[in-house]
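Visitor: Coordinates in upload_11.txt, compact mmCIF, C-alpha atoms, are listed below.
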```txt
# COMPACT_ATOMS: atom_id res chain seq x y z
CA MET F 1 0.00 0.00 0.00
CA ARG F 2 1.32 3.43 -0.96
CA GLN F 3 1.77 6.08 1.70
CA LYS F 4 -0.61 9.04 1.74
CA ILE F 5 0.41 12.64 1.23
CA MET F 6 -1.72 15.69 1.94
CA SER F 7 -0.97 19.28 1.02
CA GLY F 8 -2.90 22.38 0.07
CA MET F 9 -2.80 25.91 -1.23
CA ARG F 10 -4.89 28.99 -0.46
CA PRO F 11 -6.78 30.48 -3.44
CA THR F 12 -5.88 34.12 -2.83
CA GLY F 13 -5.05 35.21 -6.38
CA LYS F 14 -2.72 34.33 -9.22
CA LEU F 15 -0.01 31.86 -8.38
CA HIS F 16 3.57 33.07 -8.46
CA LEU F 17 7.01 31.67 -9.19
CA GLY F 18 7.48 30.60 -5.58
CA HIS F 19 4.37 28.41 -5.78
CA TYR F 20 5.72 26.59 -8.82
CA LEU F 21 9.34 26.10 -7.73
CA GLY F 22 8.61 25.54 -4.04
CA VAL F 23 5.42 23.46 -4.21
CA ILE F 24 3.84 22.43 -7.51
CA ASP F 25 6.95 21.05 -9.20
CA ASN F 26 7.42 18.80 -6.17
CA TRP F 27 3.77 17.69 -6.20
CA VAL F 28 4.08 16.57 -9.82
CA LYS F 29 6.85 14.18 -8.80
CA LEU F 30 5.14 12.98 -5.62
CA GLN F 31 1.95 11.95 -7.42
CA GLU F 32 3.92 9.21 -9.16
CA GLU F 33 4.90 7.50 -5.90
CA TYR F 34 2.22 8.34 -3.31
CA ASP F 35 -1.53 8.61 -2.86
CA CYS F 36 -1.76 12.39 -2.96
CA TYR F 37 -4.56 14.66 -1.75
CA PHE F 38 -4.18 18.27 -2.89
CA SER F 39 -6.57 20.79 -1.38
CA VAL F 40 -7.72 24.17 -2.65
CA ALA F 41 -7.93 25.63 0.85
CA ASP F 42 -10.77 28.13 0.52
CA TRP F 43 -11.54 28.19 4.25
CA HIS F 44 -7.93 29.17 4.88
CA ALA F 45 -8.30 31.99 2.37
CA LEU F 46 -11.16 33.39 4.46
CA THR F 47 -8.94 33.70 7.54
CA THR F 48 -7.40 36.85 6.05
CA LYS F 49 -9.73 37.73 3.17
CA TYR F 50 -13.13 37.20 4.78
CA ASP F 51 -14.27 40.62 3.52
CA LYS F 52 -12.99 40.15 -0.03
CA THR F 53 -14.85 37.14 -1.38
CA GLU F 54 -16.01 38.53 -4.72
CA ASN F 55 -13.18 36.80 -6.60
CA LEU F 56 -12.97 33.63 -4.51
CA ARG F 57 -14.85 31.39 -6.94
CA GLN F 58 -12.63 32.47 -9.84
CA ASP F 59 -9.51 32.20 -7.68
CA ILE F 60 -10.40 28.57 -6.95
CA LEU F 61 -10.77 27.83 -10.65
CA ASP F 62 -7.52 29.64 -11.47
CA VAL F 63 -5.57 27.64 -8.89
CA VAL F 64 -6.83 24.33 -10.25
CA MET F 65 -6.17 25.36 -13.86
CA ASP F 66 -2.60 26.30 -12.96
CA TRP F 67 -2.12 22.97 -11.19
CA LEU F 68 -3.35 21.07 -14.24
CA ALA F 69 -1.20 23.16 -16.58
CA CYS F 70 1.86 22.38 -14.45
CA GLY F 71 1.26 18.63 -14.58
CA ILE F 72 -0.93 17.68 -11.62
CA ASP F 73 -2.91 14.75 -13.04
CA PRO F 74 -6.40 14.09 -11.57
CA ASN F 75 -5.99 10.47 -12.64
CA LYS F 76 -2.99 10.17 -10.33
CA ALA F 77 -3.85 12.57 -7.48
CA THR F 78 -7.03 13.71 -5.74
CA ILE F 79 -7.75 17.41 -6.23
CA TYR F 80 -10.51 18.82 -4.04
CA VAL F 81 -11.94 22.05 -2.66
CA GLN F 82 -11.56 22.17 1.12
CA SER F 83 -15.08 23.42 1.90
CA LEU F 84 -16.61 20.50 -0.01
CA VAL F 85 -15.31 18.12 2.67
CA PRO F 86 -17.43 19.14 5.71
CA GLU F 87 -15.85 16.39 7.80
CA THR F 88 -12.74 18.56 7.97
CA ALA F 89 -14.68 21.35 9.68
CA GLU F 90 -16.19 18.88 12.14
CA LEU F 91 -12.77 17.43 12.95
CA HIS F 92 -11.43 20.96 13.39
CA ILE F 93 -14.00 21.53 16.16
CA TYR F 94 -13.07 18.32 17.98
CA LEU F 95 -9.34 19.00 17.71
CA SER F 96 -9.78 22.57 18.95
CA MET F 97 -11.20 21.19 22.21
CA ILE F 98 -7.95 19.43 23.09
CA THR F 99 -5.41 21.92 21.72
CA PRO F 100 -3.82 24.25 24.31
CA GLN F 101 -3.90 27.94 23.42
CA ASN F 102 -0.13 28.38 23.71
CA TRP F 103 0.42 25.64 21.12
CA VAL F 104 -1.49 27.72 18.59
CA GLU F 105 0.18 30.99 19.52
CA ARG F 106 3.67 29.62 18.95
CA ASP F 107 3.00 28.75 15.30
CA PRO F 108 5.55 30.76 13.25
CA THR F 109 3.27 31.35 10.26
CA LEU F 110 0.54 32.69 12.52
CA LYS F 111 3.07 35.10 14.00
CA ASP F 112 4.11 36.22 10.52
CA MET F 113 0.51 36.78 9.46
CA ALA F 114 -0.16 38.77 12.64
CA LYS F 115 2.79 41.05 11.87
CA ILE F 116 1.59 41.56 8.29
CA LEU F 117 -1.95 42.42 9.35
CA LYS F 118 -0.72 44.72 12.10
CA SER F 119 1.53 46.60 9.69
CA LYS F 120 -1.27 46.92 7.13
CA GLU F 121 -4.09 47.79 9.48
CA GLY F 122 -2.13 49.37 12.29
CA MET F 123 -3.95 47.45 14.99
CA ALA F 124 -3.55 43.99 16.52
CA SER F 125 -7.33 43.59 16.86
CA GLN F 126 -7.45 42.68 13.15
CA ILE F 127 -6.37 39.15 14.09
CA ASN F 128 -9.67 37.27 14.06
CA TYR F 129 -10.71 34.03 15.72
CA GLY F 130 -10.56 32.19 12.40
CA LEU F 131 -6.93 33.16 11.85
CA MET F 132 -6.05 32.15 15.41
CA GLY F 133 -7.53 28.73 14.70
CA TYR F 134 -5.73 28.37 11.38
CA PRO F 135 -3.05 25.96 12.73
CA VAL F 136 -5.73 23.62 14.11
CA LEU F 137 -7.70 23.75 10.85
CA MET F 138 -4.49 22.90 9.01
CA THR F 139 -4.08 19.92 11.34
CA ALA F 140 -7.64 18.84 10.57
CA ASP F 141 -6.84 19.01 6.84
CA ILE F 142 -3.98 16.57 7.31
CA LEU F 143 -5.66 14.23 9.80
CA THR F 144 -8.88 14.01 7.75
CA PHE F 145 -6.93 11.73 5.42
CA ASN F 146 -4.58 10.36 8.10
CA ALA F 147 -1.71 11.39 5.86
CA ASP F 148 1.65 9.75 6.47
CA LEU F 149 3.68 12.60 4.97
CA VAL F 150 3.29 16.34 4.45
CA PRO F 151 5.55 17.95 1.80
CA VAL F 152 7.03 21.17 3.20
CA GLY F 153 10.02 23.46 3.00
CA ILE F 154 12.41 23.70 5.93
CA ASP F 155 10.63 26.86 7.12
CA GLN F 156 7.33 24.96 7.46
CA VAL F 157 8.45 21.99 9.52
CA ALA F 158 6.92 23.61 12.62
CA HIS F 159 3.47 23.20 11.01
CA VAL F 160 3.89 19.45 10.84
CA GLU F 161 5.33 19.27 14.35
CA LEU F 162 2.18 20.95 15.68
CA THR F 163 0.04 18.45 13.77
CA ARG F 164 2.04 15.62 15.30
CA ASP F 165 1.58 17.11 18.78
CA ILE F 166 -2.19 17.43 18.34
CA ALA F 167 -2.54 13.91 16.90
CA ARG F 168 -0.50 12.49 19.78
CA ARG F 169 -2.55 14.39 22.36
CA PHE F 170 -5.82 13.18 20.85
CA ASN F 171 -4.61 9.58 20.90
CA ASN F 172 -3.46 9.91 24.52
CA VAL F 173 -6.61 11.64 25.77
CA TYR F 174 -8.92 9.06 24.20
CA ASN F 175 -6.62 6.04 24.62
CA THR F 176 -6.49 5.21 20.92
CA ASP F 177 -4.03 4.98 18.07
CA PHE F 178 -6.52 6.28 15.50
CA PHE F 179 -4.50 9.20 14.16
CA VAL F 180 -1.18 8.80 12.39
CA GLU F 181 1.54 11.23 13.47
CA PRO F 182 2.57 12.56 10.05
CA GLN F 183 6.15 13.20 9.12
CA PRO F 184 7.42 16.22 7.18
CA LYS F 185 8.73 15.41 3.72
CA LEU F 186 11.24 18.09 2.86
CA ASN F 187 11.46 19.28 -0.71
CA ASN F 188 14.78 19.92 -2.41
CA CYS F 189 14.02 23.54 -3.21
CA SER F 190 15.81 26.37 -1.46
CA LEU F 191 13.86 29.28 -0.04
CA ILE F 192 12.46 31.32 -2.96
CA CYS F 193 13.14 35.01 -2.39
CA GLY F 194 10.85 37.77 -3.55
CA LEU F 195 11.67 41.11 -5.10
CA ASP F 196 12.76 42.52 -1.75
CA GLY F 197 15.07 39.63 -0.86
CA ASN F 198 12.69 38.12 1.70
CA LYS F 199 10.58 34.98 1.30
CA MET F 200 8.30 35.35 -1.72
CA GLY F 201 4.60 35.72 -0.95
CA LYS F 202 1.52 37.66 -2.00
CA SER F 203 1.06 38.80 1.58
CA PHE F 204 4.47 40.46 1.45
CA ASN F 205 3.76 42.15 -1.92
CA ASN F 206 7.09 40.88 -3.25
CA ASP F 207 5.96 38.04 -5.51
CA ILE F 208 6.75 37.43 -9.16
CA ASN F 209 3.36 36.72 -10.70
CA ASN F 210 2.40 34.38 -13.48
CA TYR F 211 2.03 36.79 -16.40
CA ARG F 212 -0.06 35.67 -19.38
CA GLN F 213 0.95 37.72 -22.40
CA LYS F 214 -1.72 38.63 -24.96
CA PRO F 215 -1.04 37.32 -28.50
CA TYR F 216 -0.78 40.79 -30.00
CA GLU F 217 1.68 42.16 -27.47
CA LYS F 218 5.29 42.50 -28.56
CA ARG F 219 7.86 40.53 -26.63
```
What is this file in structure tokens?
Guide:
Amino acid sequence: MRQKIMSGMRPTGKLHLGHYLGVIDNWVKLQEEYDCYFSVADWHALTTKYDKTENLRQDILDVVMDWLACGIDPNKATIYVQSLVPETAELHIYLSMITPQNWVERDPTLKDMAKILKSKEGMASQINYGLMGYPVLMTADILTFNADLVPVGIDQVAHVELTRDIARRFNNVYNTDFFVEPQPKLNNCSLICGLDGNKMGKSFNNDINNYRQKPYEKR
């Protein structure tokens, strides 16, 4: 039996070079060797863009089209929209009951997002409950499929460690071995820098976007 892999991507606009080199190119290779579940994480998109949903439907379609264009094969991997698997939301609720608050607060990506929102909005109160619960929802994404491996870069290993902690705590509290403690599967890609020399990301406004040139435009 092949091991299971779960990973996802937020539909928050056009994909950029960092997505391709750091994530998608690796997914294309993994689908040949593992049972892969790739999520269009629309609930995660709402954690920071809850008031900007007018383009969400198109963003979801654009993400999937880019995946297909890059070589993700629906005959080899499972592509799905996160919100169409309601069991993930239910599991998120159960996991949130056993997850200590300080475990969530130490998540490095959550800290980064808090800094970004604070710098943009000028007030810490812009961090909503949904964003605070993002690390637990991410854990629910992974444990919904009891994934053995989670493909990540070195800067994201802490995500998987939190998932392992929550899975272990659930198993201990309820005296079961139901949940697998997933392992990080590091990719071979170095950190992709943006235009300002920091990690590339739309949130940092330093990304190199996928530019589709019109046929009549001169090169």
Visitor: Rounded to one decimal place, report the CA of Thr88 in chain F-CA of Asp165 in chain F distance in Å.
Guide: 18.0 Å
Visitor: Could you jot down the CA of Val150 in chain F to CA of Met6 in chain F separation for me, Å, one decimal place?
Guide: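 The value is 5.6 Å.
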Visitor: When you look at Gly133 in chain F with a cut-off of 8 Å (counting only C-alpha atoms), what residues show up, excluding the ones that are within fewer than 4 positions of it in the same chain? I need them as a list in words.
Guide: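 Listed by chain and then number, they are Ser96, Val104, Tyr129 and Leu137 of chain F.
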Visitor: Rounded to one decimal, what separation in Å do you get between CA of Val157 in chain F and CA of Pro184 in chain F?
Guide: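 Those two atoms sit 6.3 Å apart.
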Visitor: Pick out the closest residue to Gly22 in chain F from this set: F:Tyr134, F:Met9, F:Ile98, F:His92. Count only C-alpha atoms.
Guide: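 Looking at the shortest contact to Gly22 in chain F, the residue is F:Met9.
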Visitor: Taking only C-alpha atoms into account, which of F:Val136, F:Leu149, F:Val160, F:Leu186 comes nearest Leu91 in chain F?
Guide: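 Answer, going by the shortest atom-to-atom distance: F:Val136.
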Visitor: Smallest atom-to-atom distance to Gly130 in chain F: which of F:Gln58, F:Asn102, F:Asn75, F:Thr48, using only C-alpha atoms?
Guide: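 The shortest atom-to-atom distance to Gly130 in chain F comes from F:Thr48.
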